[in-house]
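Novice: File model_31.tsv follows (TSV, C-alpha atoms):
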chain	number	residue	atom	x	y	z
A	1193	GLN	CA	13.94	7.22	-10.50
A	1194	VAL	CA	13.19	5.78	-7.07
A	1195	GLN	CA	13.26	1.99	-6.99
A	1196	LEU	CA	12.68	-0.45	-4.16
A	1197	GLN	CA	13.59	-4.14	-4.17
A	1198	GLU	CA	12.63	-6.74	-1.57
A	1199	SER	CA	14.91	-9.66	-0.78
A	1200	GLY	CA	14.83	-12.58	1.61
A	1201	PRO	CA	13.83	-16.23	1.96
A	1202	GLY	CA	10.72	-17.33	0.11
A	1203	LEU	CA	10.03	-20.15	2.57
A	1204	VAL	CA	9.90	-19.88	6.34
A	1205	LYS	CA	9.01	-22.62	8.83
A	1206	PRO	CA	6.15	-22.16	11.29
A	1207	SER	CA	7.19	-20.54	14.60
A	1208	GLU	CA	10.35	-19.11	13.03
A	1209	THR	CA	11.12	-15.49	12.13
A	1210	LEU	CA	10.44	-14.01	8.72
A	1211	SER	CA	13.18	-11.57	7.67
A	1212	LEU	CA	13.06	-9.32	4.62
A	1213	THR	CA	15.20	-6.44	3.42
A	1214	CYS	CA	14.24	-3.60	1.10
A	1215	THR	CA	17.03	-1.96	-0.87
A	1216	VAL	CA	16.30	1.54	-2.10
A	1217	SER	CA	17.95	3.14	-5.13
A	1218	GLY	CA	17.49	6.56	-6.66
A	1219	TYR	CA	16.82	8.18	-3.29
A	1220	SER	CA	18.76	8.36	-0.05
A	1221	ILE	CA	16.73	7.08	2.90
A	1222	SER	CA	18.62	9.50	5.17
A	1223	SER	CA	17.14	12.40	3.18
A	1224	GLY	CA	13.73	11.79	4.71
A	1225	TYR	CA	10.32	10.24	4.22
A	1226	TYR	CA	8.81	7.12	5.73
A	1227	TRP	CA	9.46	3.56	4.60
A	1228	GLY	CA	6.89	0.86	5.09
A	1229	TRP	CA	5.97	-2.78	4.70
A	1230	ILE	CA	2.63	-3.96	3.33
A	1231	ARG	CA	1.47	-7.50	2.67
A	1232	GLN	CA	-1.19	-8.95	0.43
A	1233	THR	CA	-3.14	-12.18	0.54
A	1234	PRO	CA	-6.11	-13.31	-1.52
A	1235	GLY	CA	-8.20	-13.65	1.61
A	1236	ARG	CA	-7.26	-10.55	3.61
A	1237	GLY	CA	-6.26	-8.20	0.80
A	1238	LEU	CA	-3.73	-5.45	1.49
A	1239	GLU	CA	-2.56	-5.00	5.07
A	1240	TRP	CA	-0.15	-2.35	6.33
A	1241	ILE	CA	2.42	-3.95	8.63
A	1242	GLY	CA	4.47	-1.02	9.80
A	1243	SER	CA	6.74	1.86	8.83
A	1244	ILE	CA	9.96	3.53	9.86
A	1245	TYR	CA	11.08	7.13	9.55
A	1246	HIS	CA	14.60	7.85	8.37
A	1247	THR	CA	15.52	8.81	11.94
A	1248	GLY	CA	14.53	5.35	13.15
A	1249	ASN	CA	11.11	6.11	14.65
A	1250	THR	CA	8.84	3.13	14.09
A	1251	TYR	CA	5.08	2.71	13.69
A	1252	TYR	CA	3.36	-0.68	13.74
A	1253	ASN	CA	-0.02	-2.21	12.98
A	1254	SER	CA	-1.49	-2.86	16.40
A	1255	SER	CA	-2.59	-6.36	15.39
A	1256	LEU	CA	1.01	-7.35	14.59
A	1257	LYS	CA	2.92	-5.12	16.97
A	1258	SER	CA	3.96	-7.86	19.37
A	1259	ARG	CA	5.68	-9.78	16.55
A	1260	VAL	CA	7.04	-7.04	14.26
A	1261	SER	CA	10.31	-5.16	14.18
A	1262	ILE	CA	11.41	-2.73	11.46
A	1263	SER	CA	14.89	-1.27	11.30
A	1264	VAL	CA	16.80	1.02	8.95
A	1265	ASP	CA	20.39	0.88	7.69
A	1266	THR	CA	21.07	4.26	6.13
A	1267	SER	CA	24.67	3.37	5.25
A	1268	ASN	CA	23.41	0.67	2.86
A	1269	ASN	CA	20.19	2.52	2.00
A	1270	GLN	CA	18.08	-0.37	3.24
A	1271	PHE	CA	15.35	-1.07	5.72
A	1272	SER	CA	14.29	-4.43	7.08
A	1273	LEU	CA	11.32	-6.33	8.44
A	1274	LYS	CA	11.30	-9.07	11.03
A	1275	LEU	CA	8.10	-10.93	11.86
A	1276	SER	CA	8.42	-13.53	14.59
A	1277	SER	CA	6.47	-16.67	15.45
A	1278	VAL	CA	5.01	-16.97	11.98
A	1279	THR	CA	2.12	-19.25	11.08
A	1280	ALA	CA	0.49	-20.20	7.79
A	1281	THR	CA	-1.66	-17.08	8.01
A	1282	ASP	CA	1.49	-14.99	7.49
A	1283	THR	CA	1.88	-16.45	4.01
A	1284	ALA	CA	1.60	-13.47	1.69
A	1285	VAL	CA	3.24	-11.28	-0.90
A	1286	TYR	CA	5.27	-8.73	1.04
A	1287	TYR	CA	5.86	-5.28	-0.42
A	1288	CYS	CA	8.09	-2.46	0.72
A	1289	ALA	CA	6.95	1.06	-0.11
A	1290	ARG	CA	7.73	4.71	0.49
A	1291	HIS	CA	5.28	7.20	1.94
A	1292	PRO	CA	6.14	10.87	2.18
A	1293	GLY	CA	3.65	11.64	4.94
A	1294	LEU	CA	2.22	10.17	8.10
A	1295	GLY	CA	-1.06	11.77	9.07
A	1296	GLY	CA	-0.58	14.81	6.89
A	1297	SER	CA	-0.57	15.47	3.19
A	1298	TYR	CA	1.02	12.78	1.03
A	1299	SER	CA	0.09	10.03	3.50
A	1300	SER	CA	0.07	7.56	0.65
A	1301	PHE	CA	2.43	4.97	-0.78
A	1302	ASP	CA	4.05	6.49	-3.86
A	1303	TYR	CA	6.78	3.99	-4.70
A	1304	TRP	CA	6.53	0.21	-4.23
A	1305	GLY	CA	8.84	-2.74	-4.61
A	1306	GLN	CA	7.82	-5.54	-6.93
A	1307	GLY	CA	6.82	-7.74	-4.01
A	1308	THR	CA	8.11	-11.06	-2.77
A	1309	LEU	CA	6.09	-14.15	-1.95
A	1310	VAL	CA	6.82	-15.62	1.46
A	1311	THR	CA	5.32	-19.00	2.23
A	1312	VAL	CA	5.13	-20.32	5.78
A	1313	SER	CA	5.31	-24.09	5.69
A	1314	SER	CA	7.25	-26.94	7.24
B	866	GLN	CA	-12.53	-8.78	6.00
B	867	SER	CA	-11.19	-5.40	4.89
B	868	ALA	CA	-11.87	-2.25	6.88
B	869	LEU	CA	-13.06	-0.26	3.85
B	870	THR	CA	-15.89	-1.57	1.68
B	871	GLN	CA	-15.61	-1.62	-2.09
B	872	PRO	CA	-17.76	-3.36	-4.69
B	873	ALA	CA	-16.17	-6.60	-5.82
B	874	SER	CA	-16.44	-5.69	-9.48
B	875	VAL	CA	-17.46	-2.99	-11.91
B	876	SER	CA	-17.49	-2.96	-15.66
B	877	GLY	CA	-17.82	-0.55	-18.52
B	878	SER	CA	-17.33	-0.17	-22.24
B	879	PRO	CA	-14.47	1.74	-23.85
B	880	GLY	CA	-15.18	5.47	-23.75
B	881	GLN	CA	-17.63	5.23	-20.88
B	882	SER	CA	-17.13	6.43	-17.31
B	883	ILE	CA	-17.25	4.30	-14.19
B	884	THR	CA	-17.13	5.08	-10.49
B	885	VAL	CA	-15.76	2.88	-7.73
B	886	SER	CA	-16.99	3.57	-4.22
B	887	CYS	CA	-15.08	3.09	-0.98
B	888	THR	CA	-17.05	3.22	2.25
B	889	GLY	CA	-15.38	3.61	5.61
B	890	THR	CA	-16.32	5.15	8.92
B	891	SER	CA	-16.02	8.41	10.80
B	892	SER	CA	-12.71	7.11	12.16
B	893	ASP	CA	-11.00	6.88	8.80
B	894	VAL	CA	-12.48	8.17	5.52
B	895	GLY	CA	-14.81	10.56	7.31
B	896	SER	CA	-12.11	12.08	9.50
B	897	TYR	CA	-9.21	12.56	7.13
B	898	ASN	CA	-8.78	13.90	3.62
B	899	LEU	CA	-6.11	11.27	3.17
B	900	VAL	CA	-7.73	8.74	0.88
B	901	SER	CA	-5.57	7.20	-1.82
B	902	TRP	CA	-6.34	4.89	-4.73
B	903	TYR	CA	-4.11	2.22	-6.25
B	904	GLN	CA	-4.24	0.35	-9.55
B	905	GLN	CA	-2.91	-3.19	-9.55
B	906	ARG	CA	-2.44	-5.32	-12.63
B	907	PRO	CA	-1.95	-9.10	-12.31
B	908	GLY	CA	1.41	-9.99	-10.85
B	909	LYS	CA	2.41	-6.38	-10.36
B	910	ALA	CA	2.74	-4.04	-7.41
B	911	PRO	CA	0.03	-1.49	-6.71
B	912	LYS	CA	0.48	1.89	-8.41
B	913	LEU	CA	-0.61	5.15	-6.80
B	914	MET	CA	-3.31	6.82	-8.90
B	915	ILE	CA	-4.90	9.33	-6.49
B	916	TYR	CA	-3.73	10.73	-3.15
B	917	ASP	CA	-5.19	13.16	-0.64
B	918	VAL	CA	-8.70	12.29	-1.96
B	919	SER	CA	-8.41	14.03	-5.31
B	920	LYS	CA	-4.79	14.75	-6.24
B	921	ARG	CA	-3.06	13.00	-9.12
B	922	PRO	CA	0.63	12.10	-9.04
B	923	SER	CA	2.72	13.26	-11.95
B	924	GLY	CA	2.23	10.98	-14.93
B	925	VAL	CA	-1.24	9.73	-14.03
B	926	SER	CA	-3.86	10.43	-16.67
B	927	ASN	CA	-6.41	13.15	-15.93
B	928	ARG	CA	-9.06	10.56	-16.80
B	929	PHE	CA	-8.68	9.45	-13.19
B	930	SER	CA	-10.32	11.58	-10.52
B	931	GLY	CA	-11.22	11.19	-6.87
B	932	SER	CA	-13.74	12.67	-4.49
B	933	LYS	CA	-15.19	12.17	-1.04
B	934	SER	CA	-18.48	12.74	0.70
B	935	GLY	CA	-18.84	11.90	4.35
B	936	ASN	CA	-17.56	8.39	4.98
B	937	THR	CA	-17.48	7.42	1.30
B	938	ALA	CA	-14.73	8.10	-1.20
B	939	SER	CA	-15.03	7.56	-4.92
B	940	LEU	CA	-12.72	6.97	-7.85
B	941	THR	CA	-14.00	7.92	-11.28
B	942	ILE	CA	-12.38	6.83	-14.52
B	943	SER	CA	-13.63	8.64	-17.58
B	944	GLY	CA	-13.07	7.69	-21.20
B	945	LEU	CA	-12.45	4.04	-20.27
B	946	GLN	CA	-9.63	2.31	-22.11
B	947	THR	CA	-8.82	-1.37	-22.27
B	948	GLU	CA	-5.56	-0.66	-20.44
B	949	ASP	CA	-7.57	0.49	-17.41
B	950	GLU	CA	-8.63	-3.09	-16.76
B	951	ALA	CA	-7.13	-3.91	-13.36
B	952	ASP	CA	-7.91	-4.17	-9.66
B	953	TYR	CA	-8.39	-0.90	-7.79
B	954	TYR	CA	-7.86	-0.47	-4.05
B	955	CYS	CA	-8.71	2.42	-1.80
B	956	CYS	CA	-6.77	3.27	1.31
B	957	SER	CA	-7.39	5.74	4.10
B	958	TYR	CA	-5.28	7.09	6.91
B	959	ALA	CA	-7.07	6.21	10.15
B	960	GLY	CA	-5.27	8.03	12.91
B	961	SER	CA	-2.17	7.46	15.00
B	962	SER	CA	-3.34	4.15	16.43
B	963	THR	CA	-4.58	2.26	13.37
B	964	PHE	CA	-2.62	4.32	10.80
B	965	TRP	CA	-3.84	2.84	7.47
B	966	VAL	CA	-6.80	0.77	6.35
B	967	PHE	CA	-7.39	-0.66	2.90
B	968	GLY	CA	-10.42	-1.66	0.89
B	969	GLY	CA	-10.89	-5.18	-0.39
B	970	GLY	CA	-10.37	-4.17	-4.00
B	971	THR	CA	-12.59	-3.77	-7.06
B	972	LYS	CA	-12.00	-5.62	-10.29
B	973	LEU	CA	-12.60	-3.37	-13.28
B	974	THR	CA	-13.51	-5.10	-16.51
B	975	VAL	CA	-13.52	-3.11	-19.72
B	976	LEU	CA	-15.91	-4.91	-22.02
Kindly return the structure encoded in the file as C-alpha coordinates.

Specialist:
Amino acid sequence: QVQLQESGPGLVKPSETLSLTCTVSGYSISSGYYWGWIRQTPGRGLEWIGSIYHTGNTYYNSSLKSRVSISVDTSNNQFSLKLSSVTATDTAVYYCARHPGLGGSYSSFDYWGQGTLVTVSS
Amino acid sequence: QSALTQPASVSGSPGQSITVSCTGTSSDVGSYNLVSWYQQRPGKAPKLMIYDVSKRPSGVSNRFSGSKSGNTASLTISGLQTEDEADYYCCSYAGSSTFWVFGGGTKLTVL
(Lines of atoms letter the chains of each structure in order from A and count residues from 1; the text may use other names and numbers.)
(Lines give C-alpha, C1' and ligand atoms only; values in the text may rest on other atoms or scores of the structure.)
Protein backbone atom coordinates (compact mmCIF):
# COMPACT_ATOMS: atom_id res chain seq x y z
CA GLN A 1 0.00 0.00 0.00
CA VAL A 2 1.49 3.31 -1.12
CA GLN A 3 1.53 5.93 1.61
CA LEU A 4 2.77 9.51 1.62
CA GLN A 5 3.41 11.65 4.69
CA GLU A 6 4.21 15.36 4.77
CA SER A 7 6.44 16.84 7.45
CA GLY A 8 7.79 20.27 8.25
CA PRO A 9 7.16 23.41 10.28
CA GLY A 10 3.55 24.46 10.72
CA LEU A 11 4.47 28.12 11.16
CA VAL A 12 6.68 30.18 8.88
CA LYS A 13 7.46 33.90 9.16
CA PRO A 14 6.72 36.25 6.27
CA SER A 15 9.61 36.60 3.77
CA GLU A 16 11.16 33.33 4.94
CA THR A 17 11.28 29.99 3.12
CA LEU A 18 8.67 27.28 3.59
CA SER A 19 10.24 23.80 3.56
CA LEU A 20 8.31 20.54 3.51
CA THR A 21 9.30 16.92 2.99
CA CYS A 22 7.17 14.05 1.76
CA THR A 23 8.19 10.55 2.83
CA VAL A 24 6.92 7.75 0.64
CA SER A 25 6.40 4.17 1.81
CA GLY A 26 5.15 1.14 -0.05
CA TYR A 27 6.71 2.26 -3.32
CA SER A 28 10.23 3.17 -4.35
CA ILE A 29 10.43 6.65 -5.88
CA SER A 30 13.35 5.48 -8.02
CA SER A 31 11.02 2.97 -9.71
CA GLY A 32 9.25 5.77 -11.56
CA TYR A 33 6.23 8.04 -11.64
CA TYR A 34 5.92 11.72 -10.85
CA TRP A 35 5.67 13.23 -7.38
CA GLY A 36 3.90 16.50 -6.79
CA TRP A 37 2.86 19.18 -4.34
CA ILE A 38 -0.63 20.65 -4.20
CA ARG A 39 -2.01 23.21 -1.77
CA GLN A 40 -5.51 24.06 -0.68
CA THR A 41 -7.04 27.20 0.76
CA PRO A 42 -10.67 28.08 1.41
CA GLY A 43 -10.40 31.04 -0.93
CA ARG A 44 -8.38 29.66 -3.84
CA GLY A 45 -9.27 25.97 -3.61
CA LEU A 46 -6.80 23.37 -4.88
CA GLU A 47 -3.67 24.63 -6.62
CA TRP A 48 -0.95 22.49 -8.17
CA ILE A 49 2.46 23.80 -7.13
CA GLY A 50 4.85 21.57 -8.99
CA SER A 51 6.10 18.04 -9.59
CA ILE A 52 9.29 16.08 -9.96
CA TYR A 53 10.05 12.93 -11.92
CA HIS A 54 12.12 10.22 -10.28
CA THR A 55 15.05 11.23 -12.50
CA GLY A 56 14.96 14.75 -11.06
CA ASN A 57 13.18 16.58 -13.90
CA THR A 58 11.00 19.30 -12.42
CA TYR A 59 7.78 20.99 -13.53
CA TYR A 60 6.40 24.10 -11.83
CA ASN A 61 3.23 26.19 -11.78
CA SER A 62 4.16 29.27 -13.78
CA SER A 63 2.62 31.57 -11.18
CA LEU A 64 4.94 30.21 -8.47
CA LYS A 65 7.95 29.23 -10.54
CA SER A 66 10.20 32.05 -9.38
CA ARG A 67 9.79 30.99 -5.74
CA VAL A 68 9.51 27.18 -5.91
CA SER A 69 12.07 24.42 -5.81
CA ILE A 70 11.31 20.69 -5.64
CA SER A 71 13.99 18.07 -5.11
CA VAL A 72 14.09 14.30 -4.69
CA ASP A 73 16.15 12.10 -2.36
CA THR A 74 15.79 8.57 -3.68
CA SER A 75 18.07 7.11 -1.01
CA ASN A 76 15.56 8.12 1.69
CA ASN A 77 12.53 7.76 -0.58
CA GLN A 78 11.57 11.39 -0.06
CA PHE A 79 10.93 14.50 -2.07
CA SER A 80 10.87 18.06 -0.82
CA LEU A 81 9.33 21.45 -1.46
CA LYS A 82 10.86 24.85 -0.86
CA LEU A 83 8.80 28.01 -1.35
CA SER A 84 10.69 31.23 -0.78
CA SER A 85 9.62 34.75 0.19
CA VAL A 86 6.33 33.58 1.64
CA THR A 87 3.46 35.88 2.52
CA ALA A 88 0.15 35.34 4.26
CA THR A 89 -1.36 34.26 0.96
CA ASP A 90 0.83 31.15 1.08
CA THR A 91 -1.02 29.96 4.18
CA ALA A 92 -2.61 26.69 3.14
CA VAL A 93 -2.87 22.97 3.65
CA TYR A 94 -0.04 21.45 1.63
CA TYR A 95 -0.40 17.97 0.17
CA CYS A 96 2.10 15.72 -1.52
CA ALA A 97 0.76 13.32 -4.12
CA ARG A 98 1.81 10.81 -6.75
CA HIS A 99 0.80 11.00 -10.40
CA PRO A 100 1.70 8.24 -12.82
CA GLY A 101 1.43 10.40 -15.93
CA LEU A 102 2.22 13.87 -17.18
CA GLY A 103 0.25 14.75 -20.27
CA GLY A 104 -0.65 11.20 -21.10
CA SER A 105 -2.90 8.59 -19.60
CA TYR A 106 -3.02 8.50 -15.81
CA SER A 107 -2.29 12.22 -15.53
CA SER A 108 -4.10 12.28 -12.22
CA PHE A 109 -3.16 12.20 -8.56
CA ASP A 110 -3.74 8.67 -7.31
CA TYR A 111 -2.14 8.71 -3.86
CA TRP A 112 -2.12 11.69 -1.48
CA GLY A 113 -0.58 12.50 1.85
CA GLN A 114 -2.86 13.52 4.69
CA GLY A 115 -1.90 17.17 4.29
CA THR A 116 -0.17 19.61 6.59
CA LEU A 117 -1.31 23.09 7.52
CA VAL A 118 1.33 25.76 7.07
CA THR A 119 0.56 29.19 8.47
CA VAL A 120 2.56 32.23 7.44
CA SER A 121 2.59 34.70 10.29
CA SER A 122 5.02 36.72 12.37
CA GLN B 1 -11.04 32.12 -8.69
CA SER B 2 -10.60 28.57 -9.96
CA ALA B 3 -9.86 27.85 -13.61
CA LEU B 4 -12.62 25.24 -13.95
CA THR B 5 -16.21 26.12 -13.05
CA GLN B 6 -18.31 23.85 -10.88
CA PRO B 7 -21.64 24.48 -9.15
CA ALA B 8 -21.13 25.35 -5.51
CA SER B 9 -23.57 22.73 -4.33
CA VAL B 10 -25.82 19.90 -5.43
CA SER B 11 -28.15 17.72 -3.45
CA GLY B 12 -30.12 14.54 -3.81
CA SER B 13 -32.01 11.91 -1.88
CA PRO B 14 -30.71 8.42 -1.16
CA GLY B 15 -31.14 6.23 -4.23
CA GLN B 16 -31.32 9.12 -6.65
CA SER B 17 -28.71 10.14 -9.22
CA ILE B 18 -26.93 13.47 -9.40
CA THR B 19 -24.55 15.03 -11.89
CA VAL B 20 -21.81 17.55 -11.19
CA SER B 21 -20.61 19.64 -14.10
CA CYS B 22 -17.13 21.02 -14.66
CA THR B 23 -16.70 23.66 -17.34
CA GLY B 24 -13.31 24.61 -18.70
CA THR B 25 -11.99 25.88 -21.99
CA SER B 26 -10.55 24.59 -25.24
CA SER B 27 -7.12 24.84 -23.59
CA ASP B 28 -7.84 22.30 -20.88
CA VAL B 29 -11.00 20.16 -20.70
CA GLY B 30 -11.70 20.57 -24.40
CA SER B 31 -8.19 19.61 -25.51
CA TYR B 32 -7.35 16.64 -23.34
CA ASN B 33 -9.15 13.49 -22.24
CA LEU B 34 -7.36 13.88 -18.93
CA VAL B 35 -10.09 15.01 -16.57
CA SER B 36 -10.07 13.56 -13.08
CA TRP B 37 -12.50 13.80 -10.18
CA TYR B 38 -11.73 13.78 -6.47
CA GLN B 39 -13.88 13.21 -3.40
CA GLN B 40 -12.89 15.07 -0.25
CA ARG B 41 -14.44 14.54 3.14
CA PRO B 42 -13.93 17.11 5.93
CA GLY B 43 -10.40 17.11 7.25
CA LYS B 44 -9.25 14.47 4.80
CA ALA B 45 -7.14 14.43 1.66
CA PRO B 46 -8.80 14.26 -1.73
CA LYS B 47 -9.43 10.75 -3.08
CA LEU B 48 -9.25 9.91 -6.77
CA MET B 49 -12.64 8.72 -8.03
CA ILE B 50 -12.37 9.09 -11.83
CA TYR B 51 -9.37 9.56 -14.13
CA ASP B 52 -8.94 9.97 -17.87
CA VAL B 53 -12.54 11.34 -18.05
CA SER B 54 -14.34 8.07 -17.39
CA LYS B 55 -12.04 5.45 -15.85
CA ARG B 56 -12.47 4.24 -12.28
CA PRO B 57 -9.52 3.30 -10.08
CA SER B 58 -9.64 -0.10 -8.46
CA GLY B 59 -11.90 -0.05 -5.42
CA VAL B 60 -14.10 2.85 -6.50
CA SER B 61 -17.78 1.98 -6.72
CA ASN B 62 -19.29 1.64 -10.19
CA ARG B 63 -21.96 4.08 -9.00
CA PHE B 64 -19.46 6.77 -9.96
CA SER B 65 -19.08 7.56 -13.65
CA GLY B 66 -17.56 10.34 -15.70
CA SER B 67 -18.07 11.80 -19.15
CA LYS B 68 -17.09 14.78 -21.26
CA SER B 69 -18.62 16.83 -24.03
CA GLY B 70 -16.68 19.69 -25.53
CA ASN B 71 -15.33 21.91 -22.77
CA THR B 72 -17.55 20.41 -20.06
CA ALA B 73 -16.90 17.29 -18.03
CA SER B 74 -19.43 15.63 -15.77
CA LEU B 75 -19.42 13.33 -12.77
CA THR B 76 -22.52 11.25 -12.18
CA ILE B 77 -23.25 9.42 -8.96
CA SER B 78 -26.08 6.94 -9.16
CA GLY B 79 -27.88 5.25 -6.29
CA LEU B 80 -26.88 8.03 -3.88
CA GLN B 81 -25.81 6.93 -0.42
CA THR B 82 -25.34 9.02 2.69
CA GLU B 83 -21.62 8.17 2.61
CA ASP B 84 -21.33 10.00 -0.73
CA GLU B 85 -21.83 13.31 1.06
CA ALA B 86 -18.58 15.20 0.49
CA ASP B 87 -16.92 17.85 -1.64
CA TYR B 88 -16.10 16.90 -5.23
CA TYR B 89 -13.38 18.54 -7.31
CA CYS B 90 -12.62 18.23 -10.98
CA CYS B 91 -9.16 18.60 -12.42
CA SER B 92 -7.89 18.79 -15.97
CA TYR B 93 -4.48 18.56 -17.55
CA ALA B 94 -3.92 21.83 -19.42
CA GLY B 95 -0.78 21.39 -21.44
CA SER B 96 2.94 21.64 -20.80
CA SER B 97 2.84 25.26 -19.68
CA THR B 98 -0.05 25.33 -17.20
CA PHE B 99 -0.04 21.57 -16.47
CA TRP B 100 -3.08 21.19 -14.14
CA VAL B 101 -6.13 23.26 -13.32
CA PHE B 102 -8.75 22.49 -10.69
CA GLY B 103 -12.38 23.33 -10.20
CA GLY B 104 -13.60 25.22 -7.17
CA GLY B 105 -15.39 22.21 -5.74
CA THR B 106 -19.01 21.13 -5.35
CA LYS B 107 -20.56 20.27 -2.03
CA LEU B 108 -22.84 17.25 -2.32
CA THR B 109 -25.57 16.97 0.27
CA VAL B 110 -27.51 13.74 0.55
CA LEU B 111 -30.84 14.69 2.05

Novice: Which residues, written as a ChimeraX atom specification, have at least one atom at most 8 Å from Ser930 (chain B), with all atoms listed in the file counted and residues fewer than 5 positions away on the same chain left out?

Specialist: /B:915,919-921,940-942

Novice: Could you please take those selected residues and save C-alpha atoms as a PDB file, in the coordinates of the input?

Specialist:
ATOM      1  CA  ILE B 915      -4.900   9.330  -6.490  1.00  0.00           C
ATOM      2  CA  SER B 919      -8.410  14.030  -5.310  1.00  0.00           C
ATOM      3  CA  LYS B 920      -4.790  14.750  -6.240  1.00  0.00           C
ATOM      4  CA  ARG B 921      -3.060  13.000  -9.120  1.00  0.00           C
ATOM      5  CA  LEU B 940     -12.720   6.970  -7.850  1.00  0.00           C
ATOM      6  CA  THR B 941     -14.000   7.920 -11.280  1.00  0.00           C
ATOM      7  CA  ILE B 942     -12.380   6.830 -14.520  1.00  0.00           C
TER       8      ILE B 942
END

Novice: Would you list the contacts of Thr963 (chain B) as a tab-separated table (two decimals) with C-alpha atoms, in the coordinates of the input, taking every protein, DNA or RNA residue within 9 Å and counting all atoms listed in the file, but skipping same-chain residues closer than 3 positions in sequence?

Specialist:
chain	number	residue	atom	x	y	z
A	1252	TYR	CA	3.36	-0.68	13.74
A	1253	ASN	CA	-0.02	-2.21	12.98
A	1254	SER	CA	-1.49	-2.86	16.40
B	958	TYR	CA	-5.28	7.09	6.91
B	959	ALA	CA	-7.07	6.21	10.15
B	960	GLY	CA	-5.27	8.03	12.91
B	966	VAL	CA	-6.80	0.77	6.35

Novice: Hey, could you make a per-residue contact list for chain A against chain B with 7 Å as the cut-off, showing the nearest pair of atoms and its distance in Å to one decimal, counting all atoms listed in the file, sorted by chain and number, as JSON lines?

Specialist:
{"residue": "A:Arg1236", "atom": "CA", "partner": "B:Gln866", "partner_atom": "CA", "distance": 6.1}
{"residue": "A:Gly1237", "atom": "CA", "partner": "B:Gly969", "partner_atom": "CA", "distance": 5.7}
{"residue": "A:Leu1238", "atom": "CA", "partner": "B:Phe967", "partner_atom": "CA", "distance": 6.2}
{"residue": "A:Glu1239", "atom": "CA", "partner": "B:Phe967", "partner_atom": "CA", "distance": 6.8}
{"residue": "A:Trp1240", "atom": "CA", "partner": "B:Trp965", "partner_atom": "CA", "distance": 6.5}
{"residue": "A:Asn1253", "atom": "CA", "partner": "B:Thr963", "partner_atom": "CA", "distance": 6.4}
{"residue": "A:Ser1254", "atom": "CA", "partner": "B:Thr963", "partner_atom": "CA", "distance": 6.7}
{"residue": "A:Gly1295", "atom": "CA", "partner": "B:Tyr958", "partner_atom": "CA", "distance": 6.7}
{"residue": "A:Ser1297", "atom": "CA", "partner": "B:Asp917", "partner_atom": "CA", "distance": 6.4}
{"residue": "A:Tyr1298", "atom": "CA", "partner": "B:Asp917", "partner_atom": "CA", "distance": 6.4}
{"residue": "A:Ser1299", "atom": "CA", "partner": "B:Leu899", "partner_atom": "CA", "distance": 6.3}
{"residue": "A:Ser1300", "atom": "CA", "partner": "B:Ser901", "partner_atom": "CA", "distance": 6.2}
{"residue": "A:Phe1301", "atom": "CA", "partner": "B:Leu913", "partner_atom": "CA", "distance": 6.7}
{"residue": "A:Asp1302", "atom": "CA", "partner": "B:Leu913", "partner_atom": "CA", "distance": 5.7}
{"residue": "A:Trp1304", "atom": "CA", "partner": "B:Ala910", "partner_atom": "CA", "distance": 6.5}
{"residue": "A:Gly1305", "atom": "CA", "partner": "B:Ala910", "partner_atom": "CA", "distance": 6.8}
{"residue": "A:Gln1306", "atom": "CA", "partner": "B:Ala910", "partner_atom": "CA", "distance": 5.3}
{"residue": "A:Gly1307", "atom": "CA", "partner": "B:Ala910", "partner_atom": "CA", "distance": 6.5}

Novice: Please list as a list of chain:residue names every residue within 12 Å of Leu1275 (chain A), counting all atoms listed in the file and excluding residues in the same chain fewer than 5 positions away.

Specialist: A:Val1204, A:Pro1206, A:Ser1207, A:Glu1208, A:Thr1209, A:Leu1210, A:Ser1211, A:Leu1212, A:Thr1213, A:Trp1229, A:Arg1231, A:Ile1241, A:Gly1242, A:Tyr1252, A:Asn1253, A:Leu1256, A:Lys1257, A:Ser1258, A:Arg1259, A:Val1260, A:Ser1261, A:Ile1262, A:Ser1263, A:Asp1282, A:Thr1283, A:Tyr1286, A:Val1310, A:Val1312

Novice: Distance CA of Lys933 (chain B)-CA of Thr870 (chain B), one decimal place?

Specialist: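 Computed distance, CA of Lys933 (chain B) to CA of Thr870 (chain B), equals 14.0 Å.
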
Novice: Can you tell me how far CA of Leu973 (chain B) sits from CA of Asp949 (chain B), in Å to one decimal?

Specialist: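 For CA of Leu973 (chain B) relative to CA of Asp949 (chain B), the distance reads 7.6 Å.
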
Novice: My list of candidates is A:Val1285, A:His1291, A:Gln1232, A:Gly1296. Which is closest to Gly1202 (chain A) when distances are computed with all atoms listed in the file?

Specialist: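 Smallest separation from Gly1202 (chain A) among the options: A:Val1285.
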
Novice: Near Thr947 (chain B), within 8 Å and counting only C-alpha atoms, which residues show up once chain neighbours fewer than 3 positions away are dropped, as a PyMOL selection string?

Specialist: chain B and resi 879+950+975-976

Novice: Do you have the CA of Phe1271 (chain A)-CA of Pro907 (chain B) distance handy?

Specialist: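 For CA of Phe1271 (chain A) relative to CA of Pro907 (chain B), the distance reads 26.2 Å.
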
Novice: Looking at only C-alpha atoms, which of A:Thr1247, A:Thr1279, A:Gln1270, A:Ser1255 is the one that sits closest to Ser1223 (chain A)?

Specialist: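 Smallest distance to Ser1223 (chain A) is found for A:Thr1247.
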
Novice: Please determine, counting all atoms listed in the file, which residue among A:Leu1273, A:Thr1250, A:Pro1234, A:Tyr1226 has the shortest atom-to-atom distance to Leu1294 (chain A).

Specialist: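 Ranking A:Leu1273, A:Thr1250, A:Pro1234, A:Tyr1226 by distance to Leu1294 (chain A), first place goes to A:Tyr1226.
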
Novice: Find the spatial neighbours of Ala873 (chain B), counting all atoms listed in the file, within a cut-off of 7 Å - ignore same-chain residues fewer than 2 positions away - and output them as a PyMOL selection string.

Specialist: chain B and resi 871+970-972
